[in-house]
file structure_34.pdb (PDB, C-alpha atoms and all ligand atoms)
MODEL        1
ATOM      1  CA  MET A 189     180.723 191.063 -17.362
ATOM      2  CA  GLN A 190     181.027 194.773 -16.667
ATOM      3  CA  ARG A 191     184.325 195.942 -15.162
ATOM      4  CA  PHE A 192     184.374 198.746 -12.628
ATOM      5  CA  PRO A 193     187.373 201.076 -12.680
ATOM      6  CA  ASP A 194     187.190 201.667  -8.939
ATOM      7  CA  TRP A 195     187.204 197.931  -8.149
ATOM      8  CA  ARG A 196     190.197 196.984  -6.018
ATOM      9  CA  TYR A 197     190.787 193.264  -5.841
ATOM     10  CA  ALA A 198     190.661 192.077  -2.213
ATOM     11  CA  PRO A 199     193.176 189.220  -1.925
ATOM     12  CA  ASN A 200     191.910 187.979   1.452
ATOM     13  CA  ILE A 201     188.429 187.097   0.242
ATOM     14  CA  GLY A 202     189.223 187.008  -3.475
ATOM     15  CA  GLY A 203     191.946 184.394  -3.107
ATOM     16  CA  HIS A 204     190.682 182.529  -0.039
ATOM     17  CA  ARG A 205     186.903 182.495   0.067
ATOM     18  CA  ASP A 206     186.654 179.525   2.419
ATOM     19  CA  VAL A 207     189.074 180.992   4.935
ATOM     20  CA  TYR A 208     187.415 184.413   4.784
ATOM     21  CA  GLU A 209     184.154 182.604   5.541
ATOM     22  CA  LEU A 210     185.733 181.298   8.778
ATOM     23  CA  GLU A 211     186.728 184.842   9.676
ATOM     24  CA  ASN A 212     183.209 186.157   9.054
ATOM     25  CA  GLN A 213     181.785 183.308  11.136
ATOM     26  CA  ALA A 214     184.032 184.344  14.026
ATOM     27  CA  VAL A 215     182.928 187.987  13.663
ATOM     28  CA  LEU A 216     179.288 186.879  13.708
ATOM     29  CA  ARG A 217     179.823 184.617  16.747
ATOM     30  CA  ALA A 218     181.331 187.514  18.692
ATOM     31  CA  GLY A 219     178.402 189.695  17.655
ATOM     32  CA  HIS A 220     179.802 193.008  18.876
ATOM     33  CA  VAL A 221     180.280 194.740  15.557
ATOM     34  CA  LEU A 222     176.845 193.693  14.317
ATOM     35  CA  THR A 223     175.286 195.073  17.490
ATOM     36  CA  ALA A 224     177.117 198.345  16.979
ATOM     37  CA  MET A 225     176.041 198.591  13.335
ATOM     38  CA  ARG A 226     172.449 197.940  14.342
ATOM     39  CA  MET A 227     172.667 200.595  17.032
ATOM     40  CA  LEU A 228     173.986 203.197  14.601
ATOM     41  CA  ALA A 229     171.419 202.419  11.900
ATOM     42  CA  PRO A 230     168.599 200.010  12.775
ATOM     43  CA  TRP A 231     167.588 198.117   9.644
ATOM     44  CA  ASP A 232     164.503 196.161  10.662
ATOM     45  CA  GLY A 233     161.825 196.836   8.052
ATOM     46  CA  ARG A 234     164.266 198.956   6.026
ATOM     47  CA  ARG A 235     165.908 198.663   2.620
ATOM     48  CA  VAL A 236     169.572 197.797   3.104
ATOM     49  CA  LEU A 237     172.453 198.009   0.644
ATOM     50  CA  ASP A 238     175.537 195.906   1.388
ATOM     51  CA  LEU A 239     178.269 197.614  -0.591
ATOM     52  CA  GLY A 240     181.116 195.292  -1.559
ATOM     53  CA  CYS A 241     179.210 192.283  -0.268
ATOM     54  CA  GLY A 242     181.892 189.785  -1.314
ATOM     55  CA  THR A 243     180.470 186.263  -1.174
ATOM     56  CA  GLY A 244     177.340 187.631   0.502
ATOM     57  CA  PHE A 245     178.028 186.293   3.990
ATOM     58  CA  TRP A 246     176.163 189.158   5.658
ATOM     59  CA  LEU A 247     173.187 189.326   3.288
ATOM     60  CA  PRO A 248     171.062 186.663   5.072
ATOM     61  CA  VAL A 249     172.017 188.188   8.418
ATOM     62  CA  TYR A 250     170.696 191.607   7.376
ATOM     63  CA  ALA A 251     167.719 189.960   5.663
ATOM     64  CA  ALA A 252     166.569 188.426   8.947
ATOM     65  CA  GLY A 253     165.125 191.838   9.826
ATOM     66  CA  ALA A 254     165.294 194.036   6.753
ATOM     67  CA  ALA A 255     162.414 194.517   4.326
ATOM     68  CA  GLN A 256     164.830 194.242   1.417
ATOM     69  CA  VAL A 257     168.561 193.654   1.024
ATOM     70  CA  ILE A 258     170.673 194.412  -2.034
ATOM     71  CA  GLY A 259     174.231 193.146  -2.306
ATOM     72  CA  ILE A 260     176.523 195.054  -4.650
ATOM     73  CA  GLU A 261     179.830 193.502  -5.662
ATOM     74  CA  PRO A 262     182.310 194.438  -8.408
ATOM     75  CA  ASP A 263     184.451 191.256  -8.319
ATOM     76  CA  PRO A 264     183.153 188.911 -11.033
ATOM     77  CA  GLY A 265     184.726 185.997  -9.167
ATOM     78  CA  LEU A 266     182.731 186.669  -5.989
ATOM     79  CA  LEU A 267     179.388 187.822  -7.341
ATOM     80  CA  PRO A 268     178.137 184.312  -8.320
ATOM     81  CA  ALA A 269     178.951 183.017  -4.829
ATOM     82  CA  ALA A 270     176.878 185.803  -3.304
ATOM     83  CA  ALA A 271     174.032 185.106  -5.735
ATOM     84  CA  ASP A 272     174.126 181.370  -4.901
ATOM     85  CA  ARG A 273     174.042 182.099  -1.196
ATOM     86  CA  VAL A 274     170.841 184.128  -1.372
ATOM     87  CA  ALA A 275     169.088 182.176  -4.135
ATOM     88  CA  GLY A 276     165.491 181.678  -3.028
ATOM     89  CA  LEU A 277     165.765 184.091  -0.114
ATOM     90  CA  ALA A 278     162.811 186.480  -0.287
ATOM     91  CA  GLY A 279     163.645 190.163  -0.576
ATOM     92  CA  VAL A 280     167.361 189.657  -1.228
ATOM     93  CA  SER A 281     169.124 190.348  -4.511
ATOM     94  CA  VAL A 282     172.680 190.697  -5.733
ATOM     95  CA  GLN A 283     173.917 192.957  -8.498
ATOM     96  CA  ALA A 284     177.186 193.839 -10.156
ATOM     97  CA  GLY A 285     178.271 197.328  -9.204
ATOM     98  CA  SER A 286     180.760 199.324  -7.210
ATOM     99  CA  ALA A 287     180.841 202.231  -4.813
ATOM    100  CA  GLU A 288     181.246 204.696  -7.660
ATOM    101  CA  HIS A 289     178.757 202.907  -9.918
ATOM    102  CA  LEU A 290     175.649 201.931  -7.999
ATOM    103  CA  PRO A 291     172.912 200.527 -10.258
ATOM    104  CA  LEU A 292     170.196 202.024  -8.072
ATOM    105  CA  PRO A 293     167.837 205.020  -8.329
ATOM    106  CA  ASP A 294     168.332 208.189  -6.307
ATOM    107  CA  ALA A 295     167.045 208.092  -2.724
ATOM    108  CA  SER A 296     166.178 204.400  -2.815
ATOM    109  CA  VAL A 297     167.840 202.788   0.241
ATOM    110  CA  ASP A 298     167.658 203.454   3.972
ATOM    111  CA  VAL A 299     170.913 201.944   5.208
ATOM    112  CA  VAL A 300     174.225 201.359   3.429
ATOM    113  CA  HIS A 301     176.797 199.038   4.988
ATOM    114  CA  ALA A 302     180.378 198.949   3.762
ATOM    115  CA  ARG A 303     182.365 196.373   5.691
ATOM    116  CA  PHE A 304     186.035 196.633   4.837
ATOM    117  CA  ALA A 305     184.982 197.591   1.317
ATOM    118  CA  TYR A 306     186.073 200.557  -0.870
ATOM    119  CA  PHE A 307     186.186 203.174   1.882
ATOM    120  CA  PHE A 308     189.914 203.342   2.467
ATOM    121  CA  PRO A 309     190.428 207.135   2.319
ATOM    122  CA  PRO A 310     191.682 209.448   0.916
ATOM    123  CA  ASP A 311     190.513 208.667  -2.642
ATOM    124  CA  THR A 312     186.917 207.774  -1.869
ATOM    125  CA  ASP A 313     184.944 210.994  -2.332
ATOM    126  CA  ALA A 314     183.395 209.796  -5.589
ATOM    127  CA  GLY A 315     182.026 206.685  -3.886
ATOM    128  CA  LEU A 316     180.752 208.705  -0.950
ATOM    129  CA  ALA A 317     178.884 211.032  -3.326
ATOM    130  CA  GLU A 318     177.330 208.012  -5.054
ATOM    131  CA  VAL A 319     176.275 206.472  -1.738
ATOM    132  CA  LEU A 320     174.697 209.762  -0.678
ATOM    133  CA  ARG A 321     172.845 209.846  -3.995
ATOM    134  CA  VAL A 322     171.129 206.502  -3.316
ATOM    135  CA  LEU A 323     170.455 207.114   0.387
ATOM    136  CA  ARG A 324     166.953 208.276   1.250
ATOM    137  CA  PRO A 325     166.536 211.359   3.441
ATOM    138  CA  GLY A 326     167.126 210.177   6.981
ATOM    139  CA  GLY A 327     169.246 207.273   5.754
ATOM    140  CA  THR A 328     172.605 206.212   7.133
ATOM    141  CA  LEU A 329     175.915 204.968   5.788
ATOM    142  CA  VAL A 330     177.871 202.755   8.195
ATOM    143  CA  ILE A 331     181.516 201.943   7.499
ATOM    144  CA  VAL A 332     183.329 199.131   9.280
ATOM    145  CA  ASP A 333     187.103 199.564   9.425
ATOM    146  CA  ASN A 334     189.956 198.251  11.545
ATOM    147  CA  ASP A 335     191.046 199.957  14.735
ATOM    148  CA  TYR A 336     194.750 200.553  14.148
ATOM    149  CA  ARG A 337     195.301 201.573  17.751
ATOM    150  CA  TRP A 338     193.815 198.825  19.881
ATOM    151  CA  GLY A 339     193.876 195.027  20.092
ATOM    152  CA  GLU A 340     196.192 192.195  19.105
ATOM    153  CA  PHE A 341     195.052 192.388  15.507
ATOM    154  CA  ALA A 342     196.171 196.031  15.385
ATOM    155  CA  GLY A 343     199.610 194.786  16.442
ATOM    156  CA  LEU A 344     199.642 192.398  13.505
ATOM    157  CA  LEU A 345     198.641 195.196  11.140
ATOM    158  CA  ALA A 346     201.430 197.332  12.559
ATOM    159  CA  GLY A 347     203.882 194.495  11.992
ATOM    160  CA  SER A 348     203.042 194.409   8.313
ATOM    161  CA  ALA A 349     202.390 198.076   7.555
ATOM    162  CA  THR A 350     204.607 200.121   5.274
ATOM    163  CA  ARG A 351     203.289 203.356   6.818
ATOM    164  CA  PRO A 352     203.088 203.856  10.601
ATOM    165  CA  PRO A 353     199.554 202.708  11.508
ATOM    166  CA  LEU A 354     199.007 205.654  13.820
ATOM    167  CA  LEU A 355     199.502 208.001  10.859
ATOM    168  CA  THR A 356     197.047 205.946   8.815
ATOM    169  CA  ALA A 357     194.541 205.983  11.649
ATOM    170  CA  ALA A 358     194.874 209.748  12.133
ATOM    171  CA  ALA A 359     194.443 210.397   8.401
ATOM    172  CA  VAL A 360     191.387 208.132   8.179
ATOM    173  CA  ASP A 361     189.800 209.719  11.245
ATOM    174  CA  ARG A 362     190.408 213.205   9.859
ATOM    175  CA  TRP A 363     188.976 212.294   6.440
ATOM    176  CA  TRP A 364     185.720 211.077   7.954
ATOM    177  CA  ARG A 365     185.529 213.877  10.510
ATOM    178  CA  GLU A 366     185.813 216.475   7.702
ATOM    179  CA  ARG A 367     182.834 214.810   6.014
ATOM    180  CA  GLY A 368     180.643 214.909   9.081
ATOM    181  CA  ALA A 369     180.899 211.281  10.149
ATOM    182  CA  SER A 370     180.664 210.132  13.724
ATOM    183  CA  ARG A 371     183.308 207.671  14.941
ATOM    184  CA  HIS A 372     182.730 204.645  17.152
ATOM    185  CA  GLN A 373     185.142 202.122  18.609
ATOM    186  CA  VAL A 374     184.171 198.526  19.129
ATOM    187  CA  ARG A 375     186.385 196.207  21.121
ATOM    188  CA  SER A 376     185.852 192.601  20.318
ATOM    189  CA  ARG A 377     187.581 189.281  19.956
ATOM    190  CA  LEU A 378     187.806 186.687  17.227
ATOM    191  CA  SER A 379     187.587 183.180  18.650
ATOM    192  CA  PHE A 380     188.083 180.227  16.358
ATOM    193  CA  ARG A 381     187.070 176.608  16.694
ATOM    194  CA  SER A 382     190.667 175.504  16.312
ATOM    195  CA  ARG A 383     194.180 176.811  16.129
ATOM    196  CA  ALA A 384     194.292 175.751  12.482
ATOM    197  CA  GLU A 385     191.384 178.109  11.724
ATOM    198  CA  LEU A 386     193.092 180.968  13.532
ATOM    199  CA  ALA A 387     196.341 180.337  11.675
ATOM    200  CA  ALA A 388     194.613 180.158   8.306
ATOM    201  CA  VAL A 389     192.785 183.459   8.917
ATOM    202  CA  LEU A 390     195.866 185.309  10.134
ATOM    203  CA  ARG A 391     197.808 184.118   7.090
ATOM    204  CA  ILE A 392     195.319 185.671   4.666
ATOM    205  CA  GLU A 393     195.115 188.943   6.584
ATOM    206  CA  VAL A 394     198.786 189.734   7.116
ATOM    207  CA  PRO A 395     202.002 188.471   5.518
ATOM    208  CA  VAL A 396     202.618 184.824   6.400
ATOM    209  CA  ALA A 397     205.895 185.639   8.185
ATOM    210  CA  VAL A 398     204.121 188.165  10.438
ATOM    211  CA  ALA A 399     201.299 185.715  11.158
ATOM    212  CA  ASP A 400     203.664 182.832  11.894
ATOM    213  CA  ASN A 401     205.797 184.975  14.162
ATOM    214  CA  TRP A 402     202.708 185.950  16.174
ATOM    215  CA  LEU A 403     201.512 182.334  16.309
ATOM    216  CA  ALA A 404     204.911 181.190  17.569
ATOM    217  CA  ARG A 405     204.752 183.782  20.361
ATOM    218  CA  HIS A 406     201.206 182.686  21.305
ATOM    219  CA  PRO A 407     201.455 178.888  21.169
ATOM    220  CA  ALA A 408     198.126 178.182  22.868
ATOM    221  CA  ALA A 409     196.030 180.862  21.160
ATOM    222  CA  THR A 410     192.874 180.034  19.235
ATOM    223  CA  GLY A 411     191.776 183.649  19.041
ATOM    224  CA  LEU A 412     192.847 187.251  19.469
ATOM    225  CA  SER A 413     191.496 190.632  20.488
ATOM    226  CA  TYR A 414     190.206 192.702  17.585
ATOM    227  CA  GLY A 415     189.218 196.341  17.507
ATOM    228  CA  TYR A 416     186.947 197.962  14.949
ATOM    229  CA  VAL A 417     186.270 201.577  14.159
ATOM    230  CA  LEU A 418     182.882 202.387  12.682
ATOM    231  CA  PHE A 419     182.090 205.628  10.910
ATOM    232  CA  ALA A 420     178.506 206.716  10.338
ATOM    233  CA  ILE A 421     177.017 209.455   8.202
ATOM    234  CA  ALA A 422     173.312 210.231   8.285
ATOM    235  CA  THR A 423     171.414 212.304   5.754
ATOM    236  CA  LEU A 424     168.846 214.817   6.958
ATOM    237  CA  PRO A 425     165.279 213.531   7.268
ATOM    238  CA  LEU A 426     162.667 214.768   4.824
ATOM    239  CA  GLY A 427     161.517 218.294   5.584
ATOM    240  CA  GLU A 428     164.897 219.307   6.952
ATOM    241  CA  HIS A 429     166.590 219.733   3.574
ATOM    242  CA  ASP A 430     167.894 223.032   2.436
ATOM    243  CA  SER A 431     165.709 223.653  -0.607
ATOM    244  CA  ALA A 432     168.523 225.601  -2.259
ATOM    245  CA  SER A 433     170.808 222.598  -2.087
ATOM    246  CA  ALA A 434     170.675 219.925  -4.772
ATOM    247  CA  SER A 435     172.313 217.211  -2.716
ATOM    248  CA  PRO A 436     171.186 215.741   0.583
ATOM    249  CA  ARG A 437     172.648 217.648   3.496
ATOM    250  CA  LEU A 438     174.421 215.616   6.075
ATOM    251  CA  LEU A 439     173.345 215.261   9.612
ATOM    252  CA  LEU A 440     176.448 215.674  11.726
ATOM    253  CA  ALA A 441     175.757 212.724  13.943
ATOM    254  CA  GLU A 442     177.108 212.889  17.433
ATOM    255  CA  GLY A 443     177.986 209.543  18.937
ATOM    256  CA  ARG A 444     175.264 208.186  21.163
ATOM    257  CA  PRO A 445     176.714 205.149  22.903
ATOM    258  CA  ARG A 446     173.866 203.135  24.383
ATOM    259  CA  ASN A 447     175.667 199.842  24.219
ATOM    260  CA  PRO A 448     178.608 199.354  26.564
ATOM    261  CA  MET A 449     180.636 197.637  23.832
ATOM    262  CA  VAL A 450     180.539 200.761  21.725
ATOM    263  CA  ALA A 451     182.291 204.000  22.496
ATOM    264  CA  ALA A 452     181.663 207.112  20.447
ATOM    265  CA  SER A 453     185.011 208.770  20.605
ATOM    266  CA  THR A 454     187.554 211.239  19.498
ATOM    267  CA  PRO A 455     190.887 209.448  19.345
ATOM    268  CA  PRO A 456     192.951 208.673  21.278
ATOM    269  CA  GLN A 457     190.138 208.049  23.799
ATOM    270  CA  THR A 458     189.299 204.400  24.115
ATOM    271  CA  SER A 459     186.256 202.322  24.855
ATOM    272  CA  SER A 460     185.800 201.378  28.470
ATOM    273  CA  ALA A 461     184.418 197.961  27.631
ATOM    274  CA  PRO A 462     186.710 194.960  27.879
ATOM    275  CA  PRO A 463     186.586 192.274  25.197
ATOM    276  CA  THR A 464     184.718 189.168  26.174
TER
HETATM  277  C1  LIG B 501     187.554 192.442   2.486
HETATM  278  S1  LIG B 501     186.255 192.160   1.352
HETATM  279  C2  LIG B 501     184.815 192.286   2.404
HETATM  280  C3  LIG B 501     183.626 191.590   1.799
HETATM  281  C4  LIG B 501     182.334 191.711   2.607
HETATM  282  N1  LIG B 501     181.990 193.101   2.869
HETATM  283  C5  LIG B 501     182.421 190.953   3.913
HETATM  284  O1  LIG B 501     182.514 191.599   4.978
HETATM  285  O2  LIG B 501     182.369 189.728   3.863
HETATM  286  C6  LIG B 501     186.222 193.682   0.405
HETATM  287  C7  LIG B 501     185.180 193.661  -0.698
HETATM  288  O3  LIG B 501     185.123 194.952  -1.316
HETATM  289  C8  LIG B 501     184.959 194.746  -2.695
HETATM  290  N2  LIG B 501     185.344 195.965  -3.429
HETATM  291  C9  LIG B 501     186.534 196.269  -3.993
HETATM  292  N3  LIG B 501     186.464 197.435  -4.644
HETATM  293  C10 LIG B 501     185.209 197.895  -4.460
HETATM  294  C11 LIG B 501     184.515 199.068  -4.910
HETATM  295  N4  LIG B 501     185.114 199.986  -5.648
HETATM  296  N5  LIG B 501     183.233 199.206  -4.563
HETATM  297  C12 LIG B 501     182.607 198.266  -3.791
HETATM  298  N6  LIG B 501     183.205 197.145  -3.352
HETATM  299  C13 LIG B 501     184.493 196.965  -3.685
HETATM  300  C14 LIG B 501     185.849 193.552  -2.976
HETATM  301  O4  LIG B 501     185.612 192.973  -4.225
HETATM  302  C15 LIG B 501     185.490 192.661  -1.800
HETATM  303  O5  LIG B 501     184.372 191.885  -2.046
ENDMDL
END
call {"tool": "encode", "arguments": {"input": "structure_34.pdb", "output": "structure tokens", "more": "lines below"}}
Ligand SMILES: C[S@@+](CC[C@H](N)C(=O)[O-])C[C@H]1O[C@@H](n2cnc3c(N)ncnc32)[C@H](O)[C@@H]1O
result
Amino acid sequence: MQRFPDWRYAPNIGGHRDVYELENQAVLRAGHVLTAMRMLAPWDGRRVLDLGCGTGFWLPVYAAGAAQVIGIEPDPGLLPAAADRVAGLAGVSVQAGSAEHLPLPDASVDVVHARFAYFFPPDTDAGLAEVLRVLRPGGTLVIVDNDYRWGEFAGLLAGSATRPPLLTAAAVDRWWRERGASRHQVRSRLSFRSRAELAAVLRIEVPVAVADNWLARHPAATGLSYGYVLFAIATLPLGEHDSASASPRLLLAEGRPRNPMVAASTPPQTSSAPPT
């Protein structure tokens, strides 16, 4: 199987598929981040690319409305799981590939989702260029990242970070801002069906000692507050391209919060919506 030089093994999903599935189920149950993604780039009737799709958890979710969904995944251990998940599902396919090596023609997809995949700046310009190559005019890239500033999960990340999380957050925000992305905060909560599920998920996301320390300080918890930051970049619709320019020009999207769970923001402003 082809190896992709930009592939970075993700130990949470790569080493613990079943537990990562529980985490994705909790994200889906909460619904907030999906609503925000849909608001930033509606995909009903569109062609969607899920970049770094992992075991393909989100492919059927996107496929419920999309005309076509393509999952791209560089990890040869995860790709078959994604393919199995969508076997027989009309309009959904899975292919080996990576952010910097997309096996797709120019201007062939409407929406690209990258959920916690590849886009961990600063070294991601090559992948961004490749995503912009495959986006149609008027298409949108939506990145889902952690909010390092808000929520109990941010506290756990801070407890395990080697670099102060506020510096990381500022650098990530700046990187996307310089590339014309809009920034959106989503405040949510992960609620699990049992404490054992919560504990298992925390232990794959942060060092076990950090997770266990948090669990000991929250003896009744079966969930925790979780903040996301979404970045979105839209390409100019057809007819608005600069004919002198070979590459699609970016639409500098201003945040348009229409959903109270989502705040378009310039840090350190925060969303006004409480987690449910
Ligand atoms: C934390 S997992 C998230 C998986 C999936 N997006 C989800 O939400 O269930 C990160 C994924 O990014 C993939 N990945 C790593 N390097 C990548 C690259 N260069 N391009 C695209 N995906 C990559 C990993 O193999 C893994 O499947």
call {"tool": "residues_around", "arguments": {"input": "structure_34.pdb", "residues": "Ala287 in chain A", "least_positions_apart": "4", "cutoff": "9 Å", "atoms": "all atoms listed in the file", "output": "MDAnalysis selection string"}}
result
chainID A and resid 194:195 239:240 260:262 305:307 312 314:316 318:319
call {"tool": "residues_near_ligand", "arguments": {"input": "structure_34.pdb", "ligand": "ligand LIG 501 (chain B)", "cutoff": "8 Å", "atoms": "all atoms listed in the file", "output": "ChimeraX atom specification"}}
result
/A:192-202,208-209,212,238-246,260-263,266,285-289,302-306,315
call {"tool": "atom_distance", "arguments": {"input": "structure_34.pdb", "atom1": "CA of Ala346 in chain A", "atom2": "CA of Val360 in chain A"}}
result
15.4 Å
call {"tool": "atom_distance", "arguments": {"input": "structure_34.pdb", "atom1": "CA of Ala349 in chain A", "atom2": "CA of Gly415 in chain A"}}
result
16.6 Å
call {"tool": "atom_distance", "arguments": {"input": "structure_34.pdb", "atom1": "CA of Arg191 in chain A", "atom2": "CA of Ala269 in chain A"}}
result
17.4 Å
call {"tool": "resolve_selection", "arguments": {"input": "structure_34.pdb", "expression": "the PyMOL selection byres (((chain A and resi 237) around 7) and not hetatm)", "output": "PDB file with C-alpha atoms, in the coordinates of the input"}}
result
ATOM      1  CA  ARG A 235     165.908 198.663   2.620  1.00  0.00           C
ATOM      2  CA  VAL A 236     169.572 197.797   3.104  1.00  0.00           C
ATOM      3  CA  ASP A 238     175.537 195.906   1.388  1.00  0.00           C
ATOM      4  CA  LEU A 239     178.269 197.614  -0.591  1.00  0.00           C
ATOM      5  CA  VAL A 257     168.561 193.654   1.024  1.00  0.00           C
ATOM      6  CA  ILE A 258     170.673 194.412  -2.034  1.00  0.00           C
ATOM      7  CA  GLY A 259     174.231 193.146  -2.306  1.00  0.00           C
ATOM      8  CA  VAL A 297     167.840 202.788   0.241  1.00  0.00           C
ATOM      9  CA  VAL A 299     170.913 201.944   5.208  1.00  0.00           C
ATOM     10  CA  VAL A 300     174.225 201.359   3.429  1.00  0.00           C
ATOM     11  CA  HIS A 301     176.797 199.038   4.988  1.00  0.00           C
TER      12      HIS A 301
END
call {"tool": "closest_residue", "arguments": {"input": "structure_34.pdb", "among": "A:Asp400, A:Glu211, A:Asp313, A:Asp335", "to": "Ala357 in chain A", "atoms": "all atoms listed in the file"}}
result
A:Asp335
call {"tool": "axis_aligned_box", "arguments": {"input": "structure_34.pdb", "around": "range 288-297 of chain A", "padding_each_side": "5 Å", "output": "lines of an AutoDock Vina configuration file"}}
result
center_x = 173.7
center_y = 204.4
center_z = -5.0
size_x = 25.1
size_y = 17.7
size_z = 20.5
call {"tool": "closest_residue", "arguments": {"input": "structure_34.pdb", "among": "A:Ala284, A:Ala397, A:Leu403, A:Val389", "to": "Gln190 in chain A", "atoms": "only C-alpha atoms"}}
result
A:Ala284
